[in-house]
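*Asks:* Data file protein.csv (CSV, C-alpha atoms) is appended below.
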chain,number,residue,atom,x,y,z
T,1,MET,CA,64.2,8.6,95.2
T,2,GLY,CA,66.8,6.7,93.3
T,3,ASN,CA,67.4,9.6,91.0
T,4,SER,CA,67.7,12.0,93.9
T,5,PHE,CA,70.5,10.0,95.5
T,6,LYS,CA,72.2,9.6,92.1
T,7,ASN,CA,72.1,13.4,91.5
T,8,LEU,CA,73.4,14.1,95.0
T,9,ALA,CA,76.3,11.6,94.5
T,10,LYS,CA,77.1,13.3,91.2
T,11,SER,CA,77.1,16.8,92.8
T,12,LEU,CA,79.3,15.6,95.6
T,13,ALA,CA,81.7,14.0,93.2
T,14,ALA,CA,81.9,17.2,91.1
T,15,VAL,CA,82.7,19.3,94.2
T,16,LEU,CA,85.4,17.0,95.3
T,17,VAL,CA,87.0,16.9,91.9
T,18,VAL,CA,87.1,20.7,91.8
T,19,LEU,CA,88.5,20.8,95.3
T,20,LEU,CA,91.3,18.3,94.5
T,21,LEU,CA,92.3,20.1,91.3
T,22,SER,CA,92.6,23.4,93.2
T,23,GLN,CA,95.0,21.9,95.8
T,24,PRO,CA,98.8,21.7,95.4
T,25,VAL,CA,100.1,18.2,94.9
T,26,LEU,CA,102.0,17.1,97.9
T,27,ALA,CA,104.4,14.3,96.9
T,28,ASP,CA,108.0,13.3,96.9
T,29,SER,CA,110.1,15.2,94.4
T,30,VAL,CA,113.6,14.7,93.1
T,31,PRO,CA,115.7,17.9,93.0
T,32,THR,CA,116.7,18.9,89.5
T,33,THR,CA,120.4,18.8,90.4
T,34,PHE,CA,120.1,15.2,91.4
T,35,THR,CA,118.2,13.9,88.4
T,36,GLY,CA,120.0,11.2,86.5
T,37,THR,CA,120.7,9.4,89.8
T,38,ASN,CA,118.6,6.7,91.5
T,39,VAL,CA,117.0,8.6,94.4
T,40,THR,CA,115.5,5.8,96.6
T,41,LYS,CA,114.6,7.7,99.8
T,42,SER,CA,114.8,11.0,101.5
T,43,ALA,CA,114.4,12.8,104.8
T,44,GLU,CA,113.6,16.3,105.7
T,45,TYR,CA,114.4,18.3,108.9
T,46,GLY,CA,113.8,21.7,110.3
T,47,PHE,CA,116.2,23.9,112.3
T,48,SER,CA,116.5,25.2,115.8
T,49,GLN,CA,118.0,28.6,116.7
T,50,LEU,CA,121.5,28.4,118.2
T,51,THR,CA,122.2,32.1,118.8
T,52,SER,CA,119.7,34.8,119.7
T,53,ASN,CA,120.8,38.1,118.1
T,54,THR,CA,117.4,38.8,116.7
T,55,VAL,CA,113.9,37.2,116.1
T,56,ASN,CA,113.9,33.4,115.7
T,57,ILE,CA,113.2,32.5,112.1
T,58,ALA,CA,114.0,28.8,112.3
T,59,SER,CA,110.8,28.0,110.4
T,60,ASN,CA,112.3,29.8,107.4
T,61,PHE,CA,114.6,26.9,106.6
T,62,ASP,CA,114.5,23.3,105.6
T,63,PHE,CA,117.3,20.7,105.4
T,64,GLN,CA,116.9,17.7,103.1
T,65,LEU,CA,118.9,14.5,102.6
T,66,PHE,CA,118.7,12.3,99.5
T,67,ASP,CA,119.9,8.7,99.0
T,68,LEU,CA,122.2,8.5,96.0
T,69,GLY,CA,123.6,5.1,96.6
T,70,SER,CA,127.3,5.5,97.5
T,71,GLN,CA,126.6,9.3,97.8
T,72,ILE,CA,124.1,11.5,99.5
T,73,GLY,CA,122.5,14.7,98.2
T,74,VAL,CA,122.0,17.6,100.6
T,75,ARG,CA,119.8,20.5,100.1
T,76,PHE,CA,119.3,23.7,102.2
T,77,ILE,CA,116.1,25.7,101.4
T,78,ASN,CA,115.1,29.2,102.5
T,79,THR,CA,111.3,29.1,102.3
T,80,GLY,CA,110.7,32.5,103.9
T,81,PRO,CA,108.7,34.5,104.4
T,82,ILE,CA,111.0,36.6,106.6
T,83,ALA,CA,113.8,38.2,104.7
T,84,SER,CA,117.2,36.5,105.3
T,85,ARG,CA,120.2,35.0,103.5
T,86,ILE,CA,122.0,31.7,104.3
T,87,GLU,CA,125.6,32.7,103.9
T,88,GLU,CA,127.5,29.7,105.3
T,89,VAL,CA,126.7,26.0,105.9
T,90,TYR,CA,128.7,23.7,108.2
T,91,PHE,CA,129.0,20.0,108.5
T,92,TYR,CA,130.6,18.7,111.8
T,93,ASP,CA,131.6,15.2,111.0
T,94,GLY,CA,134.6,13.0,110.3
T,95,HIS,CA,133.2,9.5,110.2
T,96,LEU,CA,130.4,9.6,107.6
T,97,ILE,CA,131.0,11.7,104.5
T,98,THR,CA,133.9,13.0,102.3
T,99,ASN,CA,134.6,14.8,99.1
T,100,GLY,CA,131.9,17.5,99.4
T,101,THR,CA,131.0,19.3,96.2
T,102,ILE,CA,128.7,22.3,95.6
T,103,VAL,CA,126.4,21.2,92.8
T,104,GLY,CA,124.1,24.2,92.3
T,105,PRO,CA,122.7,26.5,91.6
T,106,SER,CA,125.7,28.2,90.0
T,107,GLY,CA,127.1,31.2,91.9
T,108,VAL,CA,125.0,30.8,95.1
T,109,PHE,CA,128.1,29.7,97.1
T,110,THR,CA,131.6,30.5,95.9
T,111,ARG,CA,133.9,29.5,98.7
T,112,GLU,CA,134.9,26.2,100.3
T,113,ASN,CA,136.7,24.9,103.4
T,114,SER,CA,139.6,27.1,104.5
T,115,ALA,CA,138.3,30.1,102.6
T,116,VAL,CA,135.1,30.2,104.7
T,117,ALA,CA,134.6,33.1,107.1
T,118,PRO,CA,133.8,32.6,110.0
T,119,GLY,CA,135.7,29.4,110.2
T,120,ASP,CA,133.3,27.8,112.6
T,121,LEU,CA,129.5,28.1,113.1
T,122,PRO,CA,129.1,31.1,115.4
T,123,GLY,CA,127.8,30.0,118.9
T,124,PHE,CA,128.4,26.3,118.3
T,125,MET,CA,130.7,24.7,120.9
T,126,PRO,CA,130.6,20.9,120.6
T,127,THR,CA,133.4,20.5,123.2
T,128,LYS,CA,130.8,21.4,125.8
T,129,THR,CA,129.3,17.9,125.3
T,130,GLY,CA,132.7,16.2,125.5
T,131,MET,CA,132.7,15.8,121.7
T,132,HIS,CA,135.9,16.8,119.9
T,133,LEU,CA,134.4,17.3,116.4
T,134,THR,CA,136.1,19.1,113.5
T,135,ARG,CA,134.5,21.1,110.8
T,136,PHE,CA,134.5,18.6,108.0
T,137,TYR,CA,133.2,20.9,105.2
T,138,ALA,CA,131.8,24.3,104.8
T,139,ALA,CA,130.9,26.8,102.1
T,140,ASP,CA,129.7,30.4,101.9
T,141,ALA,CA,128.5,32.9,99.4
T,142,GLY,CA,131.6,35.0,99.4
T,143,SER,CA,130.0,38.4,98.7
T,144,LYS,CA,127.2,40.4,100.2
T,145,GLY,CA,123.9,40.0,98.3
T,146,SER,CA,124.5,36.4,97.2
T,147,GLY,CA,123.8,33.3,99.2
T,148,VAL,CA,120.4,31.6,99.7
T,149,SER,CA,117.8,34.2,99.9
T,150,VAL,CA,114.0,33.6,100.4
T,151,GLY,CA,112.8,31.2,97.7
T,152,GLY,CA,116.3,29.9,97.0
T,153,PHE,CA,118.2,26.7,97.7
T,154,VAL,CA,121.7,25.2,97.5
T,155,ASP,CA,122.7,21.6,96.8
T,156,PHE,CA,125.7,19.5,97.7
T,157,LYS,CA,126.9,16.0,97.0
T,158,PHE,CA,129.1,13.9,99.3
T,159,ASP,CA,130.7,10.5,99.0
T,160,LEU,CA,129.8,8.2,101.8
T,161,LEU,CA,132.7,6.5,103.6
T,162,SER,CA,132.9,2.7,103.3
T,163,GLY,CA,130.0,0.9,105.0
T,164,ILE,CA,128.0,4.2,105.6
T,165,THR,CA,124.4,4.5,104.4
T,166,LEU,CA,121.8,7.2,104.5
T,167,ASP,CA,120.2,5.4,107.5
T,168,ARG,CA,123.5,5.7,109.4
T,169,VAL,CA,123.7,9.5,108.5
T,170,ILE,CA,120.1,10.0,109.8
T,171,HIS,CA,120.8,8.0,113.0
T,172,ASP,CA,123.9,10.1,113.8
T,173,LEU,CA,122.0,13.3,113.0
T,174,THR,CA,119.3,12.3,115.4
T,175,ASP,CA,121.9,11.2,118.0
T,176,ASN,CA,123.0,14.8,118.4
T,177,LEU,CA,120.1,15.6,120.7
T,178,ASN,CA,121.3,13.6,123.7
T,179,PRO,CA,124.6,12.1,122.7
T,180,GLY,CA,125.8,9.3,125.0
T,181,PRO,CA,129.4,8.5,125.9
T,182,THR,CA,129.9,6.3,122.8
T,183,ALA,CA,127.8,8.4,120.4
T,184,THR,CA,129.1,9.7,117.1
T,185,PRO,CA,126.8,12.7,116.4
T,186,PHE,CA,126.5,14.5,113.1
T,187,TYR,CA,125.9,18.3,113.3
T,188,VAL,CA,124.7,20.4,110.4
T,189,GLY,CA,124.4,24.2,110.8
T,190,ILE,CA,123.8,27.4,108.9
T,191,HIS,CA,124.8,31.0,109.5
T,192,VAL,CA,122.1,33.4,108.4
T,193,GLN,CA,122.6,37.1,107.7
T,194,ASP,CA,120.4,40.2,107.1
T,195,ILE,CA,117.5,38.8,109.1
T,196,GLY,CA,114.3,40.9,108.6
T,197,THR,CA,115.0,44.6,108.9
T,198,SER,CA,117.6,44.3,111.6
T,199,GLY,CA,120.5,43.4,109.4
T,200,LYS,CA,121.7,41.0,112.1
T,201,SER,CA,122.8,37.4,111.9
T,202,ASP,CA,122.1,34.2,113.7
T,203,SER,CA,123.1,30.5,113.7
T,204,TYR,CA,120.8,27.5,113.4
T,205,LEU,CA,121.3,23.8,113.8
T,206,ALA,CA,119.5,21.1,111.9
T,207,SER,CA,116.9,19.8,114.4
T,208,PRO,CA,116.2,16.1,114.3
T,209,SER,CA,113.4,16.5,116.8
T,210,ILE,CA,111.1,17.8,114.1
T,211,ALA,CA,112.2,15.5,111.3
T,212,THR,CA,109.5,14.7,108.7
T,213,SER,CA,109.3,12.7,105.6
T,214,PRO,CA,108.4,14.7,102.5
T,215,SER,CA,105.4,12.5,101.6
T,216,PRO,CA,101.8,13.2,100.7
T,217,GLN,CA,99.5,14.4,103.5
T,218,PRO,CA,95.7,14.5,103.6
T,219,VAL,CA,94.3,18.0,102.8
T,220,PRO,CA,91.4,19.1,105.1
T,221,LEU,CA,88.3,20.4,103.4
T,222,PRO,CA,87.9,24.2,103.9
T,223,ALA,CA,84.9,25.4,105.9
T,224,PRO,CA,83.0,26.8,102.9
T,225,VAL,CA,83.2,23.4,101.2
T,226,TRP,CA,81.8,21.7,104.2
T,227,ALA,CA,79.0,24.3,104.4
T,228,GLY,CA,78.2,23.7,100.7
T,229,LEU,CA,78.1,20.0,101.1
T,230,THR,CA,75.8,20.3,104.1
T,231,LEU,CA,73.5,22.6,102.1
T,232,MET,CA,73.5,20.2,99.2
T,233,GLY,CA,72.6,17.3,101.5
T,234,GLY,CA,69.8,19.3,103.2
T,235,THR,CA,68.3,20.3,99.8
T,236,ALA,CA,68.3,16.7,98.6
T,237,LEU,CA,66.6,15.5,101.8
T,238,ARG,CA,63.9,18.2,101.5
T,239,ARG,CA,63.3,17.2,97.9
T,240,LYS,CA,63.0,13.6,98.9
T,241,TRP,CA,60.5,14.5,101.7
T,242,ASN,CA,58.4,16.6,99.3
T,243,ASN,CA,58.3,13.8,96.8
T,244,TYR,CA,57.2,11.4,99.5
T,245,ARG,CA,54.4,13.8,100.6
T,246,ARG,CA,53.1,14.2,97.0
T,247,ALA,CA,53.1,10.5,96.5
T,248,ARG,CA,51.1,10.0,99.7
T,249,ALA,CA,48.6,12.7,98.7
T,250,ALA,CA,48.0,11.1,95.3
Kindly return the structure encoded in the file as structure tokens.

*Replies:*
Amino acid sequence: MGNSFKNLAKSLAAVLVVLLLSQPVLADSVPTTFTGTNVTKSAEYGFSQLTSNTVNIASNFDFQLFDLGSQIGVRFINTGPIASRIEEVYFYDGHLITNGTIVGPSGVFTRENSAVAPGDLPGFMPTKTGMHLTRFYAADAGSKGSGVSVGGFVDFKFDLLSGITLDRVIHDLTDNLNPGPTATPFYVGIHVQDIGTSGKSDSYLASPSIATSPSPQPVPLPAPVWAGLTLMGGTALRRKWNNYRRARAA
């Protein structure tokens, strides 16, 4: 009996090792453009559709923040799968960040600030909430066919104003859901062109309501693996019972 349980344990362990090796590793990662800096924490957000010219592809995009001490790193990702291209990004601020710089990849975005067109995120009217915010920084691809297509990303660095931390940036980004009379919300938006086969564009706002932390998550076992484990367990029990019956007969 002891050998049966040992063999079962070994078989289960072998299956789990194969399963784990076949799964992608889900863990925090430091963007290559931010290597050489001390990245201590990060936050990740999705987007919500602001305009509705075509199908909602908010799930195509991710927005990440990285703590670089006196600076923050910002990354926009187009994960797909629907064809699209991030052409402009917008930061509506004035009390958190300054000295924005495009840090890579080279050639993805080529224009900054006053050269950006359109000059404001289409469909975004912050004055409706009583907030008089200005476009602090923006950039765009500058020519059709460039920008952040599916599978691509673009990174920025910003200096934090005196006394500002990443936690404060996250707080004010979250505060834009239901800003109170004394709130200082931080809005981040993207303008996306050539969506799907329509060739149309839409605007999206970073959505703090679905904020996540890019940390490891448990991976559920696929159904075939559960079935295999059950079969293995049943086989071991049958073998154990047969051994018991033979021992009794002897």

*Asks:* Provide the CA of Leu121 in chain T to CA of Gly69 in chain T distance in Å, to one decimal place.

*Replies:*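 It comes out at 28.9 Å.
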
*Asks:* Range 57-173 of chain T near range 184-206 of chain T within 8 Å: what's each residue's closest atom pair and its distance in Å to one decimal, counting only C-alpha atoms, ordered by chain then ascending residue number, as JSON lines?

*Replies:*
{"residue": "T:Ala58", "atom": "CA", "partner": "T:Tyr204", "partner_atom": "CA", "distance": 7.0}
{"residue": "T:Phe63", "atom": "CA", "partner": "T:Ala206", "partner_atom": "CA", "distance": 6.9}
{"residue": "T:Ile82", "atom": "CA", "partner": "T:Gly196", "partner_atom": "CA", "distance": 5.8}
{"residue": "T:Ala83", "atom": "CA", "partner": "T:Gly196", "partner_atom": "CA", "distance": 4.8}
{"residue": "T:Ser84", "atom": "CA", "partner": "T:Ile195", "partner_atom": "CA", "distance": 4.5}
{"residue": "T:Arg85", "atom": "CA", "partner": "T:Gln193", "partner_atom": "CA", "distance": 5.3}
{"residue": "T:Ile86", "atom": "CA", "partner": "T:Val192", "partner_atom": "CA", "distance": 4.4}
{"residue": "T:Glu87", "atom": "CA", "partner": "T:Val192", "partner_atom": "CA", "distance": 5.7}
{"residue": "T:Glu88", "atom": "CA", "partner": "T:His191", "partner_atom": "CA", "distance": 5.2}
{"residue": "T:Val89", "atom": "CA", "partner": "T:Ile190", "partner_atom": "CA", "distance": 4.4}
{"residue": "T:Tyr90", "atom": "CA", "partner": "T:Gly189", "partner_atom": "CA", "distance": 5.0}
{"residue": "T:Phe91", "atom": "CA", "partner": "T:Val188", "partner_atom": "CA", "distance": 4.7}
{"residue": "T:Tyr92", "atom": "CA", "partner": "T:Tyr187", "partner_atom": "CA", "distance": 4.9}
{"residue": "T:Asp93", "atom": "CA", "partner": "T:Phe186", "partner_atom": "CA", "distance": 5.6}
{"residue": "T:Leu121", "atom": "CA", "partner": "T:His191", "partner_atom": "CA", "distance": 6.6}
{"residue": "T:Pro122", "atom": "CA", "partner": "T:Ser203", "partner_atom": "CA", "distance": 6.3}
{"residue": "T:Gly123", "atom": "CA", "partner": "T:Ser203", "partner_atom": "CA", "distance": 7.0}
{"residue": "T:Val169", "atom": "CA", "partner": "T:Phe186", "partner_atom": "CA", "distance": 7.3}
{"residue": "T:Asp172", "atom": "CA", "partner": "T:Pro185", "partner_atom": "CA", "distance": 4.7}
{"residue": "T:Leu173", "atom": "CA", "partner": "T:Phe186", "partner_atom": "CA", "distance": 4.7}

*Asks:* What separation in Å, quoted to one decimal, exists between CA of Ser114 in chain T and CA of Asn53 in chain T?

*Replies:*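 So the answer is 25.7 Å.
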
*Asks:* Give me the residues within 8 Å of Gly151 in chain T as a ChimeraX atom specification, counting all atoms listed in the file and dropping any in the same chain fewer than 5 places off.

*Replies:* /T:77-80

*Asks:* What does the distance between CA of Phe158 in chain T and CA of Asp67 in chain T come to in Å, to one decimal place?

*Replies:* 10.6 Å
